[in-house]
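work10.txt (compact mmCIF, C-alpha atoms and all ligand atoms)
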# COMPACT_ATOMS: atom_id res chain seq x y z
CA MET R 1 4.90 -24.33 11.47
CA LYS R 2 6.03 -20.87 12.53
CA ALA R 3 3.81 -17.80 12.40
CA VAL R 4 3.77 -14.27 13.80
CA ARG R 5 0.68 -13.71 15.88
CA VAL R 6 -0.86 -10.99 18.05
CA HIS R 7 -2.48 -12.01 21.33
CA THR R 8 -2.90 -8.50 22.74
CA PRO R 9 -2.80 -5.48 20.39
CA GLY R 10 0.04 -3.05 21.07
CA GLY R 11 3.52 -1.98 19.99
CA PRO R 12 5.92 -4.02 17.84
CA ASP R 13 6.56 -6.38 20.77
CA ALA R 14 2.96 -7.53 20.47
CA LEU R 15 4.19 -9.58 17.48
CA THR R 16 5.06 -13.06 18.74
CA TYR R 17 6.91 -15.63 16.65
CA GLU R 18 5.48 -18.98 17.65
CA ASP R 19 4.51 -22.51 16.66
CA VAL R 20 0.98 -22.96 15.34
CA PRO R 21 -0.69 -25.92 13.59
CA GLU R 22 -0.17 -26.08 9.83
CA PRO R 23 -3.40 -25.09 8.04
CA VAL R 24 -5.55 -27.66 6.21
CA ALA R 25 -7.42 -26.61 3.06
CA LYS R 26 -11.17 -26.34 3.57
CA THR R 27 -13.72 -26.19 0.76
CA GLY R 28 -12.73 -23.56 -1.77
CA GLU R 29 -9.31 -22.99 -0.19
CA ALA R 30 -5.73 -23.56 -1.27
CA ILE R 31 -2.65 -23.83 0.94
CA VAL R 32 0.15 -21.49 -0.07
CA LYS R 33 3.74 -22.12 1.05
CA VAL R 34 4.80 -18.52 1.67
CA ASP R 35 8.07 -17.51 0.00
CA ALA R 36 7.66 -13.89 1.10
CA ALA R 37 5.01 -11.93 2.98
CA GLY R 38 4.57 -8.24 2.22
CA LEU R 39 4.82 -5.70 5.03
CA ASN R 40 2.19 -2.97 4.74
CA TYR R 41 1.17 -0.07 6.92
CA ILE R 42 -2.20 -1.74 7.48
CA ASP R 43 -0.30 -4.40 9.46
CA VAL R 44 0.63 -1.66 11.96
CA TYR R 45 -3.01 -0.53 12.26
CA VAL R 46 -4.08 -4.14 12.86
CA ARG R 47 -1.25 -4.80 15.35
CA THR R 48 -2.10 -1.70 17.41
CA GLY R 49 -5.85 -2.37 17.35
CA LEU R 50 -6.70 0.75 15.28
CA TYR R 51 -8.24 -1.78 12.85
CA LYS R 52 -9.90 -4.47 14.98
CA GLN R 53 -9.30 -8.22 14.63
CA GLU R 54 -10.31 -10.96 17.07
CA PRO R 55 -7.11 -12.12 18.88
CA PRO R 56 -5.13 -14.26 18.66
CA PHE R 57 -4.57 -13.77 14.93
CA THR R 58 -1.72 -14.20 12.47
CA VAL R 59 -0.74 -10.84 10.97
CA GLY R 60 -0.26 -9.97 7.29
CA PHE R 61 -2.48 -9.42 4.27
CA GLU R 62 -0.16 -10.23 1.37
CA ALA R 63 2.13 -13.01 0.21
CA GLY R 64 3.63 -14.82 -2.74
CA GLY R 65 4.50 -18.49 -2.91
CA ALA R 66 3.52 -21.87 -4.30
CA VAL R 67 0.32 -23.89 -3.87
CA THR R 68 0.96 -27.08 -1.87
CA ALA R 69 -2.62 -28.39 -1.49
CA VAL R 70 -6.16 -27.59 -2.57
CA GLY R 71 -9.43 -28.33 -0.79
CA PRO R 72 -12.71 -29.53 -2.35
CA ASN R 73 -14.36 -27.41 -5.05
CA VAL R 74 -11.25 -25.55 -6.08
CA SER R 75 -10.80 -24.73 -9.73
CA GLY R 76 -8.38 -22.33 -11.32
CA VAL R 77 -5.31 -23.25 -9.26
CA LYS R 78 -3.46 -26.51 -8.69
CA VAL R 79 -0.54 -27.81 -6.65
CA ALA R 80 2.81 -26.21 -7.64
CA ASP R 81 1.23 -23.10 -9.21
CA ARG R 82 3.14 -19.93 -8.38
CA VAL R 83 0.67 -17.45 -6.90
CA ALA R 84 0.27 -14.22 -4.96
CA TYR R 85 -2.63 -12.72 -3.06
CA THR R 86 -3.78 -9.90 -0.82
CA GLY R 87 -6.74 -9.16 1.42
CA VAL R 88 -6.69 -12.37 3.46
CA LEU R 89 -5.32 -12.15 7.00
CA GLY R 90 -2.58 -14.62 8.01
CA ALA R 91 0.38 -14.04 5.66
CA TYR R 92 3.11 -13.78 8.35
CA ALA R 93 3.50 -17.56 8.39
CA GLN R 94 5.19 -20.44 6.64
CA TYR R 95 1.87 -21.60 5.18
CA ALA R 96 -1.44 -19.79 4.67
CA ALA R 97 -4.93 -21.08 3.85
CA VAL R 98 -6.40 -18.75 1.22
CA PRO R 99 -9.73 -18.81 -0.65
CA ALA R 100 -8.65 -19.96 -4.12
CA ALA R 101 -10.75 -17.18 -5.68
CA ARG R 102 -8.37 -14.63 -4.10
CA LEU R 103 -5.24 -16.16 -5.65
CA VAL R 104 -3.67 -14.76 -8.77
CA LYS R 105 -1.32 -16.89 -10.85
CA LEU R 106 1.98 -15.17 -11.48
CA PRO R 107 3.02 -14.67 -15.09
CA ASP R 108 6.33 -16.12 -16.27
CA GLY R 109 9.07 -13.60 -15.55
CA VAL R 110 7.49 -12.39 -12.27
CA THR R 111 8.96 -14.01 -9.15
CA THR R 112 6.95 -14.98 -6.06
CA LYS R 113 8.82 -12.26 -4.13
CA GLN R 114 7.79 -9.68 -6.74
CA GLY R 115 4.22 -11.00 -6.44
CA ALA R 116 4.36 -10.50 -2.67
CA ALA R 117 5.70 -6.99 -3.21
CA ALA R 118 3.16 -5.95 -5.83
CA MET R 119 -0.28 -7.13 -4.85
CA LEU R 120 -1.33 -4.74 -2.09
CA GLN R 121 0.65 -1.58 -2.78
CA GLY R 122 0.64 -2.09 -6.57
CA MET R 123 -3.11 -2.56 -6.90
CA THR R 124 -3.62 0.34 -4.49
CA ALA R 125 -1.55 2.66 -6.69
CA HIS R 126 -3.50 1.28 -9.66
CA TYR R 127 -6.99 2.03 -8.33
CA LEU R 128 -5.95 5.43 -6.93
CA ALA R 129 -4.52 6.65 -10.24
CA CYS R 130 -6.85 4.80 -12.62
CA SER R 131 -10.23 4.64 -10.80
CA THR R 132 -10.58 6.95 -7.79
CA TYR R 133 -9.28 9.97 -9.70
CA PRO R 134 -8.35 8.74 -13.18
CA LEU R 135 -5.32 10.91 -13.92
CA LYS R 136 -4.93 12.34 -17.40
CA LYS R 137 -2.56 14.56 -19.31
CA GLY R 138 -2.81 18.13 -18.02
CA ASP R 139 -3.54 17.10 -14.41
CA THR R 140 -1.17 17.88 -11.55
CA CYS R 141 -1.26 15.66 -8.47
CA VAL R 142 0.38 15.72 -5.06
CA ILE R 143 1.64 12.36 -3.78
CA HIS R 144 2.56 12.36 -0.09
CA ALA R 145 5.21 9.96 1.29
CA ALA R 146 6.26 9.38 -2.30
CA ALA R 147 9.25 7.16 -1.50
CA GLY R 148 7.13 4.67 0.45
CA GLY R 149 5.69 1.41 -0.79
CA VAL R 150 2.55 2.85 -2.39
CA GLY R 151 4.26 6.18 -3.13
CA LEU R 152 6.97 4.95 -5.50
CA LEU R 153 4.47 2.92 -7.50
CA LEU R 154 1.91 5.72 -7.61
CA CYS R 155 4.52 8.19 -8.91
CA GLN R 156 5.34 5.84 -11.79
CA ILE R 157 1.71 5.13 -12.72
CA ALA R 158 0.77 8.83 -12.47
CA ARG R 159 3.57 9.74 -14.85
CA THR R 160 2.63 6.97 -17.26
CA ARG R 161 -0.88 8.47 -17.38
CA GLY R 162 0.60 11.84 -18.32
CA ALA R 163 0.10 13.75 -15.06
CA ARG R 164 2.57 16.13 -13.49
CA VAL R 165 3.66 14.78 -10.10
CA ILE R 166 4.51 16.90 -7.06
CA ALA R 167 5.92 14.54 -4.44
CA THR R 168 6.48 15.05 -0.73
CA VAL R 169 9.08 13.12 1.31
CA SER R 170 10.99 13.55 4.58
CA THR R 171 14.63 13.25 3.47
CA GLU R 172 17.01 13.98 0.59
CA GLU R 173 17.58 10.25 0.06
CA LYS R 174 13.84 9.76 -0.37
CA ALA R 175 13.65 12.80 -2.66
CA LYS R 176 16.14 11.11 -5.00
CA LEU R 177 14.03 7.95 -5.10
CA ALA R 178 10.86 9.93 -5.79
CA ARG R 179 12.56 11.72 -8.69
CA GLU R 180 13.79 8.39 -10.10
CA ALA R 181 10.16 7.19 -9.92
CA GLY R 182 9.09 10.10 -12.08
CA ALA R 183 8.24 12.94 -9.71
CA ASP R 184 8.58 16.30 -11.49
CA ASP R 185 8.96 18.28 -8.27
CA VAL R 186 9.81 17.08 -4.78
CA ILE R 187 9.05 18.90 -1.53
CA LEU R 188 10.79 18.02 1.74
CA TYR R 189 7.66 18.43 3.86
CA THR R 190 9.68 18.05 7.05
CA GLN R 191 11.64 21.20 6.20
CA GLN R 192 9.44 23.19 3.81
CA ASP R 193 5.84 24.38 4.08
CA PHE R 194 4.32 22.09 1.46
CA GLU R 195 1.20 24.26 1.03
CA ALA R 196 3.30 27.29 0.10
CA GLU R 197 5.48 25.16 -2.19
CA VAL R 198 2.53 23.58 -4.02
CA LYS R 199 1.03 27.04 -4.58
CA ARG R 200 4.35 28.32 -5.84
CA LEU R 201 4.87 25.34 -8.15
CA THR R 202 1.37 25.67 -9.63
CA GLY R 203 1.44 29.45 -9.98
CA GLY R 204 -1.27 29.71 -7.31
CA LYS R 205 -3.70 27.47 -9.23
CA GLY R 206 -3.50 24.40 -6.98
CA VAL R 207 -3.67 20.74 -8.01
CA GLN R 208 -6.49 18.56 -9.30
CA VAL R 209 -5.91 15.75 -6.80
CA ILE R 210 -3.98 14.92 -3.64
CA TYR R 211 -3.18 11.31 -2.77
CA ASP R 212 -2.75 11.41 0.99
CA GLY R 213 -1.75 8.26 2.90
CA VAL R 214 -0.16 10.27 5.72
CA GLY R 215 -3.35 11.71 7.26
CA LYS R 216 -3.16 13.68 10.48
CA THR R 217 -0.15 15.88 9.68
CA THR R 218 -0.97 16.60 6.01
CA PHE R 219 -4.75 16.56 5.59
CA ASP R 220 -5.72 20.13 6.56
CA LYS R 221 -2.98 21.82 4.56
CA GLY R 222 -3.69 19.50 1.66
CA LEU R 223 -7.22 20.85 1.33
CA SER R 224 -5.69 24.29 0.77
CA CYS R 225 -3.51 22.94 -2.07
CA LEU R 226 -6.45 21.85 -4.24
CA ALA R 227 -7.77 23.73 -7.23
CA PRO R 228 -11.53 24.46 -7.15
CA ARG R 229 -13.45 21.16 -7.54
CA GLY R 230 -10.25 19.24 -6.79
CA MET R 231 -10.28 15.89 -5.04
CA MET R 232 -8.73 14.92 -1.72
CA VAL R 233 -8.07 11.19 -1.76
CA LEU R 234 -7.37 10.29 1.86
CA PHE R 235 -6.25 6.66 1.66
CA GLY R 236 -4.34 6.17 4.90
CA GLN R 237 -3.00 7.62 8.13
CA SER R 238 0.65 6.74 8.70
CA SER R 239 0.97 9.86 10.93
CA GLY R 240 -2.32 9.20 12.76
CA PRO R 241 -6.05 9.41 11.99
CA VAL R 242 -7.58 12.67 10.73
CA PRO R 243 -9.89 14.17 13.37
CA SER R 244 -13.56 14.86 12.60
CA PHE R 245 -14.19 18.07 10.71
CA ASP R 246 -16.98 20.29 9.42
CA PRO R 247 -17.86 19.32 5.81
CA SER R 248 -18.71 22.94 4.94
CA ILE R 249 -14.93 23.46 4.74
CA LEU R 250 -15.12 21.62 1.39
CA ASN R 251 -17.39 24.40 0.12
CA ALA R 252 -15.27 27.19 1.58
CA LYS R 253 -12.14 25.84 -0.10
CA GLY R 254 -13.72 25.50 -3.56
CA SER R 255 -16.44 22.81 -3.90
CA LEU R 256 -13.89 20.13 -3.14
CA PHE R 257 -14.44 16.38 -3.25
CA LEU R 258 -13.28 14.11 -0.44
CA THR R 259 -13.07 10.34 -0.57
CA ARG R 260 -11.62 7.74 1.82
CA PRO R 261 -11.19 4.65 -0.34
CA SER R 262 -9.95 1.14 0.40
CA LEU R 263 -8.30 -1.40 -1.90
CA PHE R 264 -10.62 -4.13 -0.74
CA HIS R 265 -13.65 -2.40 -2.32
CA HIS R 266 -11.69 -2.18 -5.58
CA ILE R 267 -10.88 -5.89 -5.89
CA ALA R 268 -14.08 -7.28 -4.36
CA THR R 269 -15.10 -9.26 -7.46
CA ARG R 270 -12.89 -11.89 -9.07
CA GLU R 271 -13.18 -9.99 -12.35
CA GLU R 272 -11.84 -6.72 -10.90
CA LEU R 273 -9.09 -8.52 -8.95
CA VAL R 274 -7.87 -10.31 -12.06
CA GLN R 275 -8.01 -7.15 -14.17
CA ARG R 276 -6.06 -4.97 -11.69
CA ALA R 277 -3.54 -7.67 -10.77
CA GLY R 278 -3.13 -8.48 -14.48
CA ASP R 279 -2.28 -4.86 -15.27
CA VAL R 280 0.17 -4.48 -12.38
CA LEU R 281 1.94 -7.84 -12.83
CA GLY R 282 2.04 -7.32 -16.60
CA TRP R 283 3.67 -3.91 -16.20
CA ILE R 284 6.26 -5.45 -13.86
CA ARG R 285 6.97 -8.30 -16.30
CA ASP R 286 7.34 -5.82 -19.16
CA GLY R 287 9.62 -3.50 -17.19
CA LYS R 288 7.07 -0.66 -17.23
CA LEU R 289 6.68 -0.63 -13.41
CA ARG R 290 9.73 -0.95 -11.19
CA LEU R 291 9.49 -2.44 -7.72
CA ARG R 292 11.95 -1.28 -5.10
CA MET R 293 12.31 -4.30 -2.84
CA GLU R 294 15.71 -3.96 -1.23
CA THR R 295 14.65 -4.50 2.38
CA GLU R 296 14.05 -7.99 3.70
CA PHE R 297 13.66 -9.22 7.25
CA ALA R 298 13.44 -12.80 8.47
CA LEU R 299 9.87 -13.56 9.56
CA LYS R 300 11.09 -14.04 13.14
CA ASP R 301 12.24 -10.39 13.07
CA ALA R 302 8.80 -9.01 12.15
CA ALA R 303 8.86 -6.69 15.18
CA GLU R 304 12.09 -5.13 13.93
CA ALA R 305 10.52 -4.68 10.48
CA HIS R 306 7.53 -2.89 12.02
CA ARG R 307 9.87 -0.60 13.98
CA ALA R 308 11.71 0.28 10.77
CA LEU R 309 8.46 1.05 8.90
CA GLU R 310 7.07 3.18 11.73
CA SER R 311 10.31 5.10 12.18
CA ARG R 312 10.18 6.15 8.50
CA THR R 313 13.50 4.54 7.66
CA THR R 314 12.17 2.19 4.97
CA THR R 315 11.71 2.98 1.29
CA GLY R 316 9.67 1.03 -1.24
CA LYS R 317 8.65 -2.49 -0.28
CA VAL R 318 9.66 -4.43 2.81
CA LEU R 319 9.40 -8.23 2.67
CA LEU R 320 9.31 -10.80 5.47
CA ILE R 321 10.93 -14.11 4.62
CA PRO R 322 9.74 -17.21 6.54
P1 LIG M 1 4.96 3.53 3.43
O1 LIG M 1 6.03 2.66 2.90
O2 LIG M 1 4.48 4.67 2.59
O3 LIG M 1 5.38 4.05 4.85
C1 LIG M 1 4.72 5.12 5.45
C2 LIG M 1 5.38 6.46 5.14
O4 LIG M 1 4.56 7.49 5.68
C3 LIG M 1 6.73 6.67 5.80
O5 LIG M 1 7.80 6.09 5.10
C4 LIG M 1 6.83 8.17 5.86
O6 LIG M 1 7.40 8.70 4.65
C5 LIG M 1 5.36 8.62 5.91
N1 LIG M 1 5.05 9.21 7.22
C6 LIG M 1 4.74 10.51 7.43
N2 LIG M 1 4.54 10.75 8.72
C7 LIG M 1 4.75 9.58 9.37
C8 LIG M 1 4.70 9.21 10.75
N3 LIG M 1 4.40 10.09 11.73
N4 LIG M 1 4.98 7.93 11.07
C9 LIG M 1 5.28 7.03 10.13
N5 LIG M 1 5.33 7.34 8.80
C10 LIG M 1 5.07 8.61 8.43
O7 LIG M 1 3.69 2.60 3.79
P2 LIG M 1 2.67 1.87 2.79
O8 LIG M 1 3.11 2.07 1.38
O9 LIG M 1 2.44 0.49 3.28
O10 LIG M 1 1.33 2.67 3.03
C11 LIG M 1 1.24 4.06 2.77
C12 LIG M 1 -0.13 4.53 3.23
O11 LIG M 1 -1.10 4.00 2.34
C13 LIG M 1 -0.51 4.10 4.63
O12 LIG M 1 -1.24 5.11 5.25
C14 LIG M 1 -1.42 2.91 4.35
O13 LIG M 1 -2.32 2.67 5.36
C15 LIG M 1 -2.10 3.39 3.11
N6 LIG M 1 -2.69 2.33 2.30
C16 LIG M 1 -4.02 2.42 2.03
C17 LIG M 1 -4.62 1.54 1.22
C18 LIG M 1 -6.04 1.75 0.86
O14 LIG M 1 -6.55 1.07 -0.03
N7 LIG M 1 -6.73 2.66 1.48
C19 LIG M 1 -3.91 0.37 0.70
C20 LIG M 1 -2.48 0.41 0.97
C21 LIG M 1 -1.91 1.34 1.77
P3 LIG M 1 8.28 10.06 4.78
O15 LIG M 1 9.43 9.70 5.67
O16 LIG M 1 8.68 10.41 3.41
O17 LIG M 1 7.38 11.09 5.43

Produce structure tokens that represent the structure in this file.
Amino acid sequence: MKAVRVHTPGGPDALTYEDVPEPVAKTGEAIVKVDAAGLNYIDVYVRTGLYKQEPPFTVGFEAGGAVTAVGPNVSGVKVADRVAYTGVLGAYAQYAAVPAARLVKLPDGVTTKQGAAAMLQGMTAHYLACSTYPLKKGDTCVIHAAAGGVGLLLCQIARTRGARVIATVSTEEKAKLAREAGADDVILYTQQDFEAEVKRLTGGKGVQVIYDGVGKTTFDKGLSCLAPRGMMVLFGQSSGPVPSFDPSILNAKGSLFLTRPSLFHHIATREELVQRAGDVLGWIRDGKLRLRMETEFALKDAAEAHRALESRTTTGKVLLIP
């Protein structure tokens, strides 16, 4: 079968499309024929070596497809079930061996492509808005890179929970998408000083929470946008990692809270995985959460897809089709 692997971490050209043996289901595993693999920023971190994996490895943490085989001691899924999953490396391939306990069956009305588009970014938006800082009516939040994969979903969930959303994006086209996803105010942080704008928009009060997946270029100013006892949720670093800093700054800026969460600690148990995925997939089925999944690349063009994501030209979800 074909897969996209990394032998030596590096730029997009480190992604090699090659023949590898088809996986065989071991105890507790199922084989998924991948209809679509989700592209996520974490794939860039893994490709470059920022997040370490032992090479050679097949890239990708998210896919949707159908079960073609199950190993011993598998219950809960059977051949032909339509499933999606995240958190298991190896999705950029025609087939993936996945622990059956990580698979979620897709409800009727949700396609395998939608499953591939929803699992990682959808459950991330879910835990950020519902668990890390559970948004409520009366809260104002800042969502950086709001037209991205996580961003568009987080805007919608934040609005559903009754919060006011101040979004940041780099272009007018992205601003339109953020507004359509429910953002009340949009700041072009490539042209405007977002700290000054957030202060202006909140009458100098600041916001209760900032969801920051951009990192290096937004973190410091973000701390200045928080109301006293506000929370900085640093959940990624698409612009580069945040350098070390003196924690007493959290005191100086108003007894702030800082957290650096990861999805994988929020779906560690089967129970939590099923609950979060059930919410997200149910909202999609019921039309309460809209996925933007207009960009597809053939799996063999994974390097091109990574270039597009890193050059900030993508919006919403990008899928790789084997
Ligand atoms: P996105 O689709 O949001 O793409 C990244 C976006 O970041 C770009 O579109 C761009 O939006 C913005 N950006 C700002 N500066 C840069 C830069 N210098 N280079 C590239 N992009 C930049 O990606 P994802 O939705 O996959 O992920 C968003 C973030 O969330 C990532 O940091 C990712 O690691 C993180 N994440 C964290 C998880 C967790 O549990 N901790 C889980 C899932 C994702 P614009 O042009 O508007 O500035």

For this session: Step by step: start from the point (10.4, 19.0, -2.0) in the file's coordinates, keep every protein, DNA or RNA residue that has an atom no farther than 7 Å from it, count only C-alpha atoms, and write the set as a PyMOL selection string.
Result: chain R and resi 167-169+185-189

Problem set entry | Exercise: Val88 in chain R partners within 8 Å, only C-alpha atoms, chain neighbours under 4 positions left out, as an NGL selection string | :R and (60-62 or 98)

Problem set entry | Protein and nucleic acid residues within 6 Å of ligand LIG 1 (chain M) (all atoms listed in the file) as a PyMOL selection string | chain R and resi 40-42+121+124+145+147-151+169-170+213-214+235-239+261-263+309-312+314-316

Exercise. Which residues, written as a PyMOL selection string, have at least one atom at most 8 Å from Thr295 in chain R, with all atoms listed in the file counted and residues fewer than 6 positions away on the same chain left out?
Worked result: chain R and resi 314+317-319

Problem set entry | Within 12 Å of file point (-1.4, -5.0, -13.6), counting only C-alpha atoms, expressed as number ranges by chain | R: 104, 106-107, 110, 115, 118-127, 130, 153, 157, 272-289

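Between Thr58 in chain R and the residues R:Leu299, R:Arg179, R:Arg270, R:Leu234, the shortest atom-to-atom distance, using all atoms listed in the file, involves R:Leu299.
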
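All residues of protein, DNA or RNA that reach within 7 Å of Phe297 in chain R, judged by all atoms listed in the file and not counting those fewer than 6 positions away in the chain, are Ala305, Leu319, Leu320 and Ile321 of chain R.
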
Problem set entry | Distance in Å - CA of Ala96 in chain R versus CA of Pro72 in chain R | 16.5 Å

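Across the model, the gap from CA of Lys199 in chain R to CA of Met231 in chain R is 15.9 Å.
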
Exercise. CA of Thr160 in chain R and CA of Ala178 in chain R, how far apart in Å?
Worked result: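 Going from CA of Ala178 in chain R over to CA of Thr160 in chain R, I get 14.4 Å.
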
Could N, CA and C atoms be built for range 154-176 of chain R and written out as an mmCIF file, in the frame of the given file?
data_model
loop_
_atom_site.group_PDB
_atom_site.id
_atom_site.type_symbol
_atom_site.label_atom_id
_atom_site.label_comp_id
_atom_site.auth_asym_id
_atom_site.auth_seq_id
_atom_site.Cartn_x
_atom_site.Cartn_y
_atom_site.Cartn_z
ATOM 1 N N LEU R 154 2.892 4.712 -7.175
ATOM 2 C CA LEU R 154 1.910 5.720 -7.610
ATOM 3 C C LEU R 154 2.586 6.801 -8.467
ATOM 4 N N CYS R 155 3.795 7.203 -8.086
ATOM 5 C CA CYS R 155 4.520 8.190 -8.910
ATOM 6 C C CYS R 155 4.677 7.666 -10.334
ATOM 7 N N GLN R 156 5.088 6.406 -10.451
ATOM 8 C CA GLN R 156 5.340 5.840 -11.790
ATOM 9 C C GLN R 156 4.051 5.757 -12.610
ATOM 10 N N ILE R 157 2.972 5.295 -11.972
ATOM 11 C CA ILE R 157 1.710 5.130 -12.720
ATOM 12 C C ILE R 157 1.157 6.508 -13.103
ATOM 13 N N ALA R 158 1.268 7.467 -12.177
ATOM 14 C CA ALA R 158 0.770 8.830 -12.470
ATOM 15 C C ALA R 158 1.494 9.420 -13.668
ATOM 16 N N ARG R 159 2.802 9.213 -13.722
ATOM 17 C CA ARG R 159 3.570 9.740 -14.850
ATOM 18 C C ARG R 159 3.210 9.034 -16.154
ATOM 19 N N THR R 160 3.021 7.727 -16.061
ATOM 20 C CA THR R 160 2.630 6.970 -17.260
ATOM 21 C C THR R 160 1.308 7.495 -17.820
ATOM 22 N N ARG R 161 0.421 7.956 -16.927
ATOM 23 C CA ARG R 161 -0.880 8.470 -17.380
ATOM 24 C C ARG R 161 -0.788 9.928 -17.836
ATOM 25 N N GLY R 162 0.408 10.502 -17.755
ATOM 26 C CA GLY R 162 0.600 11.840 -18.320
ATOM 27 C C GLY R 162 0.447 12.979 -17.345
ATOM 28 N N ALA R 163 0.286 12.675 -16.048
ATOM 29 C CA ALA R 163 0.100 13.750 -15.060
ATOM 30 C C ALA R 163 1.447 14.309 -14.617
ATOM 31 N N ARG R 164 1.411 15.551 -14.156
ATOM 32 C CA ARG R 164 2.570 16.130 -13.490
ATOM 33 C C ARG R 164 2.496 15.717 -12.013
ATOM 34 N N VAL R 165 3.640 15.304 -11.466
ATOM 35 C CA VAL R 165 3.660 14.780 -10.100
ATOM 36 C C VAL R 165 4.467 15.697 -9.183
ATOM 37 N N ILE R 166 3.806 16.188 -8.131
ATOM 38 C CA ILE R 166 4.510 16.900 -7.060
ATOM 39 C C ILE R 166 4.557 15.934 -5.873
ATOM 40 N N ALA R 167 5.767 15.542 -5.495
ATOM 41 C CA ALA R 167 5.920 14.540 -4.440
ATOM 42 C C ALA R 167 6.344 15.201 -3.136
ATOM 43 N N THR R 168 5.930 14.620 -2.018
ATOM 44 C CA THR R 168 6.480 15.050 -0.730
ATOM 45 C C THR R 168 7.170 13.864 -0.067
ATOM 46 N N VAL R 169 8.287 14.147 0.598
ATOM 47 C CA VAL R 169 9.080 13.120 1.310
ATOM 48 C C VAL R 169 9.777 13.800 2.492
ATOM 49 N N SER R 170 10.371 12.966 3.376
ATOM 50 C CA SER R 170 10.990 13.550 4.580
ATOM 51 C C SER R 170 12.485 13.793 4.448
ATOM 52 N N THR R 171 13.159 13.122 3.529
ATOM 53 C CA THR R 171 14.630 13.250 3.470
ATOM 54 C C THR R 171 15.128 13.397 2.035
ATOM 55 N N GLU R 172 16.372 13.838 1.907
ATOM 56 C CA GLU R 172 17.010 13.980 0.590
ATOM 57 C C GLU R 172 17.124 12.631 -0.109
ATOM 58 N N GLU R 173 17.457 11.585 0.660
ATOM 59 C CA GLU R 173 17.580 10.250 0.060
ATOM 60 C C GLU R 173 16.248 9.830 -0.562
ATOM 61 N N LYS R 174 15.169 10.111 0.161
ATOM 62 C CA LYS R 174 13.840 9.760 -0.370
ATOM 63 C C LYS R 174 13.469 10.649 -1.559
ATOM 64 N N ALA R 175 13.933 11.889 -1.542
ATOM 65 C CA ALA R 175 13.650 12.800 -2.660
ATOM 66 C C ALA R 175 14.260 12.233 -3.949
ATOM 67 N N LYS R 176 15.469 11.686 -3.830
ATOM 68 C CA LYS R 176 16.140 11.110 -5.000
ATOM 69 C C LYS R 176 15.315 9.938 -5.552
#
